[in-house]
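Engineer: Data: my_file-v7.csv, CSV, C-alpha atoms.
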chain,number,residue,atom,x,y,z
C,1,GLU,CA,124.8,84.7,77.6
C,2,TYR,CA,124.0,84.6,73.9
C,3,ALA,CA,123.8,87.5,71.4
C,4,PHE,CA,122.2,87.1,67.9
C,5,GLU,CA,124.4,88.2,65.1
C,6,THR,CA,121.6,90.4,63.6
C,7,ILE,CA,120.0,93.2,65.5
C,8,SER,CA,116.2,92.9,64.9
C,9,SER,CA,113.1,94.8,66.0
C,10,GLY,CA,111.0,91.6,65.7
C,11,PRO,CA,109.7,89.5,68.6
C,12,ALA,CA,111.7,86.8,70.3
C,13,HIS,CA,110.5,83.7,72.1
C,14,MET,CA,112.2,81.1,74.2
C,15,ASP,CA,111.5,78.0,76.2
C,16,GLY,CA,113.4,75.2,77.9
C,17,ASP,CA,113.1,71.7,79.2
C,18,GLU,CA,112.1,70.7,82.7
C,19,HIS,CA,115.7,70.6,84.1
C,20,GLY,CA,117.1,73.6,82.3
C,21,ASP,CA,119.5,71.5,80.2
C,22,LEU,CA,118.2,72.8,76.9
C,23,LEU,CA,117.1,76.3,76.0
C,24,VAL,CA,115.6,77.2,72.6
C,25,VAL,CA,115.5,80.8,71.5
C,26,ALA,CA,113.8,82.1,68.3
C,27,LEU,CA,114.0,85.6,66.9
C,28,LEU,CA,112.1,87.1,64.0
C,29,ASP,CA,113.8,89.4,61.5
C,30,PRO,CA,110.9,91.2,59.8
C,31,VAL,CA,113.2,92.9,57.2
C,32,ARG,CA,114.7,89.6,56.0
C,33,ARG,CA,111.4,87.8,56.6
C,34,GLU,CA,113.1,84.9,58.5
C,35,VAL,CA,113.1,83.3,61.9
C,36,ARG,CA,116.4,82.2,63.4
C,37,GLY,CA,116.2,79.5,66.0
C,38,VAL,CA,119.1,78.6,68.3
C,39,TRP,CA,119.5,75.5,70.5
C,40,LEU,CA,121.6,76.4,73.6
C,41,ASP,CA,123.1,74.3,76.3
C,42,GLY,CA,121.4,75.4,79.5
C,43,VAL,CA,124.5,74.8,81.6
C,44,THR,CA,127.3,76.1,79.5
C,45,GLY,CA,125.4,78.5,77.2
C,46,GLN,CA,127.1,77.0,74.2
C,47,VAL,CA,125.3,76.7,70.9
C,48,ARG,CA,124.3,73.2,70.1
C,49,SER,CA,122.7,73.9,66.7
C,50,SER,CA,120.7,76.6,64.8
C,51,ILE,CA,118.1,76.8,62.1
C,52,LEU,CA,116.7,79.4,59.7
C,53,LEU,CA,113.1,79.5,58.6
C,54,PRO,CA,111.3,81.7,56.1
C,55,ALA,CA,108.6,83.6,58.0
C,56,VAL,CA,106.9,87.0,58.5
C,57,THR,CA,105.6,86.3,62.0
C,58,LEU,CA,106.7,84.4,65.1
C,59,ASP,CA,104.0,83.3,67.6
C,60,ALA,CA,105.6,80.9,70.1
C,61,VAL,CA,108.3,78.4,71.0
C,62,ARG,CA,107.6,75.3,73.0
C,63,VAL,CA,109.9,72.6,74.3
C,64,SER,CA,108.7,69.3,75.7
C,65,ARG,CA,109.6,68.6,79.4
C,66,ASP,CA,112.3,66.0,78.5
C,67,GLY,CA,113.7,68.3,75.8
C,68,ALA,CA,113.2,65.7,73.0
C,69,ARG,CA,110.8,67.8,70.9
C,70,VAL,CA,110.6,71.5,70.0
C,71,ALA,CA,107.9,73.4,68.2
C,72,ILE,CA,108.3,76.8,66.6
C,73,ALA,CA,105.0,78.5,65.4
C,74,ALA,CA,105.6,81.0,62.6
C,75,GLY,CA,102.2,82.1,61.2
C,76,ALA,CA,100.4,79.3,59.5
C,77,ASP,CA,103.4,77.0,59.7
C,78,VAL,CA,104.4,75.1,62.8
C,79,HIS,CA,107.8,73.5,62.6
C,80,LEU,CA,108.6,70.5,64.7
C,81,PHE,CA,112.2,69.5,65.6
C,82,ASP,CA,114.0,67.0,67.9
C,83,GLY,CA,116.2,68.0,70.8
C,84,SER,CA,119.2,68.5,68.6
C,85,GLY,CA,117.5,70.8,66.1
C,86,LEU,CA,116.8,68.2,63.3
C,87,PRO,CA,113.4,68.6,61.6
C,88,VAL,CA,110.7,66.1,62.5
C,89,ASP,CA,107.6,67.4,60.8
C,90,ARG,CA,105.8,70.5,59.6
C,91,ILE,CA,102.1,71.3,60.2
C,92,VAL,CA,100.1,73.9,58.3
C,93,ARG,CA,97.1,75.4,60.3
C,94,ASP,CA,94.2,77.6,59.4
C,95,ALA,CA,95.0,80.4,61.9
C,96,ALA,CA,98.0,81.8,63.7
C,97,THR,CA,97.9,81.6,67.5
C,98,PRO,CA,100.4,81.1,70.3
C,99,ALA,CA,98.5,78.0,71.5
C,100,LEU,CA,101.0,75.1,71.5
C,101,ALA,CA,101.6,72.3,74.1
C,102,TRP,CA,103.6,69.1,74.4
C,103,SER,CA,103.2,66.0,76.6
C,104,ALA,CA,106.2,65.3,78.7
C,105,SER,CA,107.9,63.1,76.1
C,106,GLY,CA,106.6,64.9,73.0
C,107,ARG,CA,104.5,61.9,72.0
C,108,VAL,CA,101.3,64.1,72.0
C,109,PHE,CA,101.2,67.6,70.6
C,110,ALA,CA,98.3,70.1,70.9
C,111,LEU,CA,97.9,72.9,68.4
C,112,GLY,CA,95.4,75.8,68.3
C,113,GLY,CA,93.8,76.9,65.0
C,114,ASP,CA,90.6,78.8,64.0
C,115,ALA,CA,88.1,78.1,66.8
C,116,THR,CA,89.6,74.6,67.2
C,117,VAL,CA,92.4,72.7,69.0
C,118,ASP,CA,93.9,69.8,67.2
C,119,LEU,CA,95.6,66.8,68.9
C,120,TRP,CA,98.5,65.2,67.1
C,121,VAL,CA,100.2,61.9,68.1
C,122,GLN,CA,103.7,60.7,67.1
C,123,ARG,CA,104.0,58.1,64.4
C,124,PRO,CA,107.1,56.5,62.8
C,125,SER,CA,106.8,58.9,59.8
C,126,GLY,CA,105.9,62.0,61.8
C,127,TYR,CA,102.8,63.3,63.5
C,128,ARG,CA,99.2,62.3,62.7
C,129,ARG,CA,96.1,64.2,63.7
C,130,LEU,CA,94.2,62.2,66.3
C,131,ASP,CA,91.3,64.4,67.4
C,132,SER,CA,89.9,68.0,67.4
C,133,ILE,CA,88.1,70.0,70.0
C,134,ALA,CA,85.9,72.8,68.7
C,135,GLY,CA,85.0,76.1,70.3
C,136,SER,CA,82.3,78.6,69.4
C,137,SER,CA,82.6,80.8,66.3
C,138,SER,CA,83.9,83.7,68.6
C,139,ASP,CA,86.5,81.5,70.3
C,140,LEU,CA,90.2,81.7,69.5
C,141,PRO,CA,92.5,79.3,71.4
C,142,LEU,CA,95.4,81.4,72.9
C,143,ARG,CA,97.0,79.1,75.5
C,144,LEU,CA,97.2,75.3,75.9
C,145,ALA,CA,98.6,72.9,78.5
C,146,LEU,CA,98.9,69.1,78.5
C,147,SER,CA,99.5,66.7,81.3
C,148,GLY,CA,102.7,64.7,81.3
C,149,SER,CA,101.0,61.6,79.8
C,150,GLY,CA,99.1,63.7,77.2
C,151,GLU,CA,95.8,62.3,78.5
C,152,ARG,CA,94.5,65.7,79.9
C,153,LEU,CA,94.3,69.1,78.2
C,154,ALA,CA,93.6,72.6,79.3
C,155,ILE,CA,92.5,75.3,76.9
C,156,ALA,CA,92.3,79.1,77.4
C,157,TRP,CA,90.0,80.7,74.8
C,158,GLY,CA,89.8,84.4,74.0
C,159,ASN,CA,86.8,86.1,72.5
C,160,ARG,CA,87.9,87.4,69.2
C,161,PHE,CA,84.9,89.7,68.8
C,162,THR,CA,84.6,91.4,72.2
C,163,GLY,CA,88.2,91.1,73.5
C,164,VAL,CA,87.0,91.1,77.1
C,165,GLU,CA,86.2,87.4,77.7
C,166,VAL,CA,88.5,84.6,78.7
C,167,ARG,CA,87.2,81.0,79.0
C,168,VAL,CA,89.3,78.1,80.4
C,169,GLU,CA,88.3,74.5,79.9
C,170,ALA,CA,89.8,71.1,81.1
C,171,TRP,CA,89.3,68.0,79.0
C,172,ASP,CA,90.0,64.3,79.4
C,173,LEU,CA,91.3,62.9,76.1
C,174,ALA,CA,90.8,59.2,76.6
C,175,PRO,CA,87.9,59.2,75.9
C,176,THR,CA,87.3,62.9,75.1
C,177,ALA,CA,85.1,64.5,77.7
C,178,ARG,CA,85.0,68.1,79.1
C,179,LEU,CA,85.6,68.3,82.9
C,180,PHE,CA,84.8,72.0,83.5
C,181,GLU,CA,84.7,75.5,82.1
C,182,HIS,CA,85.3,78.8,83.8
C,183,VAL,CA,84.5,82.2,82.2
C,184,GLN,CA,85.9,85.6,83.2
C,185,ALA,CA,84.2,88.4,81.2
C,186,GLY,CA,84.1,92.1,81.4
C,187,PRO,CA,81.8,94.7,79.9
C,188,VAL,CA,81.9,95.2,76.1
C,189,GLY,CA,84.2,98.1,75.4
C,190,GLY,CA,86.1,97.7,78.6
C,191,LEU,CA,89.7,96.7,79.1
C,192,GLN,CA,90.9,93.8,77.1
C,193,ASN,CA,91.1,90.5,78.9
C,194,TYR,CA,93.7,88.0,77.6
C,195,PRO,CA,95.1,84.7,78.9
C,196,ALA,CA,98.8,85.4,79.4
C,197,ALA,CA,99.7,82.0,80.7
C,198,LEU,CA,98.2,78.5,81.3
C,199,ARG,CA,100.0,75.7,83.2
C,200,MET,CA,99.1,72.2,84.3
C,201,THR,CA,100.8,69.9,86.8
C,202,PRO,CA,102.5,66.8,85.3
C,203,GLN,CA,99.8,64.6,86.9
C,204,GLY,CA,97.1,66.8,85.3
C,205,ASP,CA,95.3,67.3,88.6
C,206,ARG,CA,95.6,71.2,88.8
C,207,ILE,CA,95.5,74.0,86.3
C,208,ALA,CA,96.9,77.6,86.8
C,209,LEU,CA,95.6,80.5,84.7
C,210,GLY,CA,97.1,84.0,84.5
C,211,THR,CA,95.1,86.8,82.7
C,212,TRP,CA,95.4,90.5,82.0
C,213,GLY,CA,92.3,90.9,84.1
C,214,LEU,CA,89.4,93.4,84.0
C,215,GLY,CA,91.1,96.2,85.8
C,216,GLY,CA,89.1,95.7,89.0
C,217,VAL,CA,89.1,93.4,92.0
C,218,GLU,CA,88.7,90.2,89.9
C,219,PRO,CA,91.6,87.7,90.2
C,220,GLU,CA,94.3,87.7,87.6
C,221,VAL,CA,95.7,84.4,88.9
C,222,LEU,CA,93.4,81.4,89.3
C,223,LEU,CA,94.3,77.8,90.4
C,224,PHE,CA,91.8,75.1,89.6
C,225,GLU,CA,91.2,71.5,90.6
C,226,ALA,CA,91.1,69.9,87.1
C,227,GLU,CA,88.4,67.3,88.0
C,228,SER,CA,85.9,69.7,89.3
C,229,GLY,CA,86.9,73.2,88.3
C,230,VAL,CA,86.8,74.3,92.0
C,231,PRO,CA,89.2,77.3,92.5
C,232,VAL,CA,91.9,76.4,95.0
C,233,LEU,CA,93.5,79.8,94.9
C,234,GLU,CA,92.4,83.2,93.5
C,235,VAL,CA,94.7,86.3,93.6
C,236,ASP,CA,93.9,89.8,92.6
C,237,LEU,CA,97.2,91.5,91.5
C,238,PRO,CA,97.9,95.2,91.0
C,239,GLY,CA,98.1,94.6,87.2
C,240,SER,CA,98.2,92.2,84.4
C,241,VAL,CA,100.0,88.8,84.4
C,242,ARG,CA,102.9,88.6,82.0
C,243,ASP,CA,103.8,85.0,82.7
C,244,LEU,CA,103.5,82.4,85.4
C,245,ASP,CA,104.6,78.8,86.2
C,246,LEU,CA,103.2,76.1,88.4
C,247,ASP,CA,105.3,73.7,90.5
C,248,GLY,CA,104.8,69.9,90.2
C,249,THR,CA,102.8,69.6,93.4
C,250,GLY,CA,100.2,72.3,92.3
C,251,THR,CA,100.7,74.3,95.5
C,252,ARG,CA,103.1,77.0,94.3
C,253,ILE,CA,102.9,79.6,91.5
C,254,ALA,CA,105.6,81.9,90.4
C,255,VAL,CA,104.1,84.9,88.6
C,256,ALA,CA,105.4,88.0,86.9
C,257,HIS,CA,103.0,91.0,86.5
C,258,LYS,CA,102.8,94.6,85.6
C,259,ASP,CA,101.7,97.1,88.3
C,260,ASP,CA,98.8,98.2,86.1
C,261,HIS,CA,96.6,96.7,83.4
C,262,ALA,CA,98.3,95.8,80.1
C,263,ASN,CA,96.2,98.4,78.2
C,264,ARG,CA,97.5,101.1,80.5
C,265,PHE,CA,101.0,102.7,80.5
C,266,ALA,CA,103.2,101.4,83.4
C,267,THR,CA,106.9,101.2,84.0
C,268,THR,CA,107.0,98.9,87.0
C,269,GLY,CA,106.0,95.4,87.9
C,270,ALA,CA,107.0,92.6,90.2
C,271,ALA,CA,107.6,88.9,90.5
C,272,ARG,CA,105.7,87.0,93.3
C,273,LEU,CA,105.8,83.5,94.7
C,274,LEU,CA,102.3,82.3,95.7
C,275,ASP,CA,101.5,79.4,98.0
C,276,THR,CA,98.3,77.6,98.7
C,277,GLY,CA,99.3,76.8,102.2
C,278,GLU,CA,98.7,73.1,101.8
C,279,ARG,CA,102.2,71.8,102.4
C,280,ARG,CA,103.3,70.5,105.8
C,281,PHE,CA,106.0,73.1,106.3
C,282,LEU,CA,106.2,76.6,104.7
C,283,LEU,CA,107.2,80.2,105.0
C,284,THR,CA,104.3,82.4,106.1
C,285,ALA,CA,106.0,85.7,105.3
C,286,PRO,CA,108.8,86.9,102.9
C,287,PRO,CA,112.1,86.8,104.8
C,288,ARG,CA,113.7,90.3,104.9
C,289,LEU,CA,117.3,91.2,105.6
C,290,GLY,CA,117.4,92.3,109.3
C,291,GLY,CA,113.9,90.9,109.9
C,292,ALA,CA,112.5,87.5,111.0
C,293,VAL,CA,112.0,84.2,109.3
C,294,GLU,CA,108.4,83.1,109.9
C,295,VAL,CA,107.5,79.5,109.4
C,296,ALA,CA,104.5,77.2,110.2
C,297,ALA,CA,103.9,73.5,110.1
C,298,ARG,CA,100.7,71.4,109.9
C,299,LEU,CA,100.0,67.7,110.1
C,300,PRO,CA,96.5,66.4,110.7
C,301,GLY,CA,96.3,64.5,114.0
C,302,ALA,CA,99.5,66.1,115.4
C,303,ARG,CA,99.5,67.3,119.0
C,304,ARG,CA,102.9,68.8,119.2
C,305,VAL,CA,105.3,70.1,116.5
C,306,LEU,CA,109.1,70.2,116.8
C,307,PHE,CA,111.0,72.7,114.7
C,308,LEU,CA,114.6,71.6,114.2
C,309,VAL,CA,117.1,74.4,113.3
C,310,GLY,CA,120.7,73.8,112.5
C,311,SER,CA,123.4,73.4,109.9
C,312,ARG,CA,123.1,70.9,107.0
C,313,ALA,CA,124.7,67.5,107.8
C,314,GLU,CA,127.3,66.0,105.5
C,315,ALA,CA,125.1,62.9,105.2
C,316,PRO,CA,121.5,62.1,106.4
C,317,ALA,CA,121.3,60.0,109.5
C,318,SER,CA,118.6,57.7,111.0
C,319,VAL,CA,117.1,58.7,114.4
C,320,GLY,CA,115.6,56.1,116.7
C,321,GLY,CA,111.8,56.3,117.1
C,322,ALA,CA,111.4,58.7,114.1
C,323,ILE,CA,110.3,58.1,110.5
C,324,GLY,CA,112.7,59.3,107.8
C,325,LYS,CA,116.2,60.7,108.1
C,326,LEU,CA,117.7,63.7,109.8
C,327,PHE,CA,119.4,66.1,107.3
C,328,LEU,CA,120.8,68.5,110.0
C,329,ASP,CA,124.0,68.2,112.0
C,330,PRO,CA,123.1,67.3,115.6
C,331,ALA,CA,126.0,69.3,116.9
C,332,GLY,CA,124.6,72.8,117.7
C,333,MET,CA,121.0,71.9,116.5
C,334,ARG,CA,118.2,73.7,118.3
C,335,VAL,CA,114.7,72.4,118.9
C,336,PHE,CA,111.7,74.6,119.2
C,337,SER,CA,108.5,72.8,120.6
C,338,ARG,CA,105.1,74.1,119.8
C,339,SER,CA,101.6,72.8,120.7
C,340,ALA,CA,99.4,72.0,117.7
C,341,ASP,CA,95.7,73.1,117.3
C,342,ALA,CA,92.8,70.8,116.5
C,343,ALA,CA,93.8,70.9,112.8
C,344,GLY,CA,97.4,69.8,113.6
C,345,ARG,CA,98.8,73.3,112.9
C,346,ALA,CA,101.5,74.8,115.0
C,347,PRO,CA,101.5,78.6,115.6
C,348,ASP,CA,103.9,80.6,113.4
C,349,LEU,CA,107.4,80.5,114.6
C,350,ARG,CA,109.5,83.7,114.3
C,351,LEU,CA,113.2,83.1,114.1
C,352,HIS,CA,115.1,86.4,114.2
C,353,GLU,CA,118.6,84.9,114.7
C,354,LEU,CA,118.4,83.0,111.3
C,355,VAL,CA,118.4,86.2,109.2
C,356,PRO,CA,121.9,87.0,107.9
C,357,GLN,CA,123.5,89.8,109.9
C,358,HIS,CA,126.4,92.1,109.3
C,359,ARG,CA,129.0,93.2,111.9
C,360,ASP,CA,130.2,96.7,111.5
C,361,ARG,CA,134.0,96.5,111.8
C,362,ARG,CA,134.3,100.0,113.1
C,363,THR,CA,131.7,99.9,115.9
C,364,GLY,CA,131.4,96.1,116.4
C,365,ARG,CA,127.6,96.4,116.2
C,366,ARG,CA,125.4,93.9,114.4
C,367,THR,CA,123.0,95.2,111.8
What does this structure look like when you write it as structure tokens?

Structural biologist:
Amino acid sequence: EYAFETISSGPAHMDGDEHGDLLVVALLDPVRREVRGVWLDGVTGQVRSSILLPAVTLDAVRVSRDGARVAIAAGADVHLFDGSGLPVDRIVRDAATPALAWSASGRVFALGGDATVDLWVQRPSGYRRLDSIAGSSSDLPLRLALSGSGERLAIAWGNRFTGVEVRVEAWDLAPTARLFEHVQAGPVGGLQNYPAALRMTPQGDRIALGTWGLGGVEPEVLLFEAESGVPVLEVDLPGSVRDLDLDGTGTRIAVAHKDDHANRFATTGAARLLDTGERRFLLTAPPRLGGAVEVAARLPGARRVLFLVGSRAEAPASVGGAIGKLFLDPAGMRVFSRSADAAGRAPDLRLHELVPQHRDRRTGRRT
């Protein structure tokens, strides 16, 4: 837990590294016209360092996956720091947007401007602009995502004139070539559509987009194959996306959303975990206290699936005739056998006894 010394009505932004070891928080004080940035230890919560920047706006904070680089966008100025809070460079751009992205190591930096996205590469003396990608005159880059190597880029553009169109693109950067684009547009004068979040897997093979949506049945969450632009997953939510994240395999999305469109008043929302269903073993329904745990497994070519249920072993053990290691304690382990269909998928298995139960001390009954 950390509390800023000054109470401010300005916006705050934060971001962290991949493992949660570093958390950077920035707060705008509009009265003093300054941004205070704090580097926090993600484990202990202790302050590692802090900085103070003159600014009248605060647009975004981005930390590279390895925590070696930090960017704070405050209006036209974008300040770059290392993982300990020491300044590395300062870039002046022609338009203030929240569009920032790092490669995994911070070697490549993508920055949005006025209808353009600039790509910067690290040099001994700082960062040098390497290339630019231009949009149309109505485009404003609002969200960016880079692959781990920095060789693939995703851009979410918003239409600054109509406010109802979101366009997402994927680009290969070596050499520069567009892979696909997808447009989600509503009627002029309708509810505002806005790209709330954009994520890419470290390998750059999948891209997740979360939008405010159009207020209808159109999906607010979209997951694309980066090479082709084919949607892998489309989900219509009750309201607008606030933020989302994509796991490293590109098969799971954690999303936070309102229960109505961002342009409408609402006091409720939810957090959801979405799954594409492509992994070999997964939950098929949310586990509920007092309910059942429902799981399924699939492996192409399989004729029978064995579900092993038990306690975690102190150390993994090899099993004769099996590939891999057993991570369960054989003592008390139960085996559920199910026939697989032509696709290698076993029917859903419902396990009631795995859900935590409570014994009433007065009656002795389990609930």

Engineer: Let me make sure I understand: among C:Leu326, C:Leu222, C:Val38, C:Leu283, which one has the smallest atom-to-atom distance to Glu5 of chain C if we use all atoms listed in the file?

Structural biologist: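 Looking at the shortest contact to Glu5 of chain C, the residue is C:Val38.
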
Engineer: How close does each residue of segment 150-204 of chain C get to segment 94-105 of chain C, giving the shortest atom pair and distance in Å to one decimal for every residue with an atom at most 10 Å away, counting all atoms listed in the file, sorted by chain and residue number, as CSV?

Structural biologist:
residue,atom,partner,partner_atom,distance
C:Gly150,CA,C:Ser103,CA,4.7
C:Glu151,CA,C:Ser103,CA,8.5
C:Arg152,CA,C:Ser103,CA,9.3
C:Leu153,CA,C:Ala101,CA,9.0
C:Ala154,CA,C:Ala101,CA,9.5
C:Ile155,CA,C:Ala99,CA,8.5
C:Ala156,CA,C:Ala99,CA,8.6
C:Trp157,CA,C:Ala99,CA,9.5
C:Leu198,CA,C:Ala99,CA,9.8
C:Arg199,CA,C:Ala101,CA,9.8
C:Pro202,CA,C:Ala104,CA,7.7

Engineer: Hey, what's within 8 Å of Pro219 of chain C if we count all atoms listed in the file and toss same-chain stuff fewer than 4 positions away? As number ranges by chain, please?

Structural biologist: C: 213, 234-237

Engineer: Quick one: distance from atom CA of Ala331 of chain C to atom CA of Ser311 of chain C in Å, one decimal?

Structural biologist: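 For atom CA of Ala331 of chain C relative to atom CA of Ser311 of chain C, the distance reads 8.5 Å.
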
Engineer: Find the residues near Thr116 of chain C: any atom within 8 Å, counting all atoms listed in the file, skip ones fewer than 3 places away on the same chain, and give them as a list in words.

Structural biologist: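 Final neighbour list, sorted by chain and number: Gly112, Gly113, Ser132, Ile133, Ala134, Gly135, Leu140 and Pro141 of chain C.
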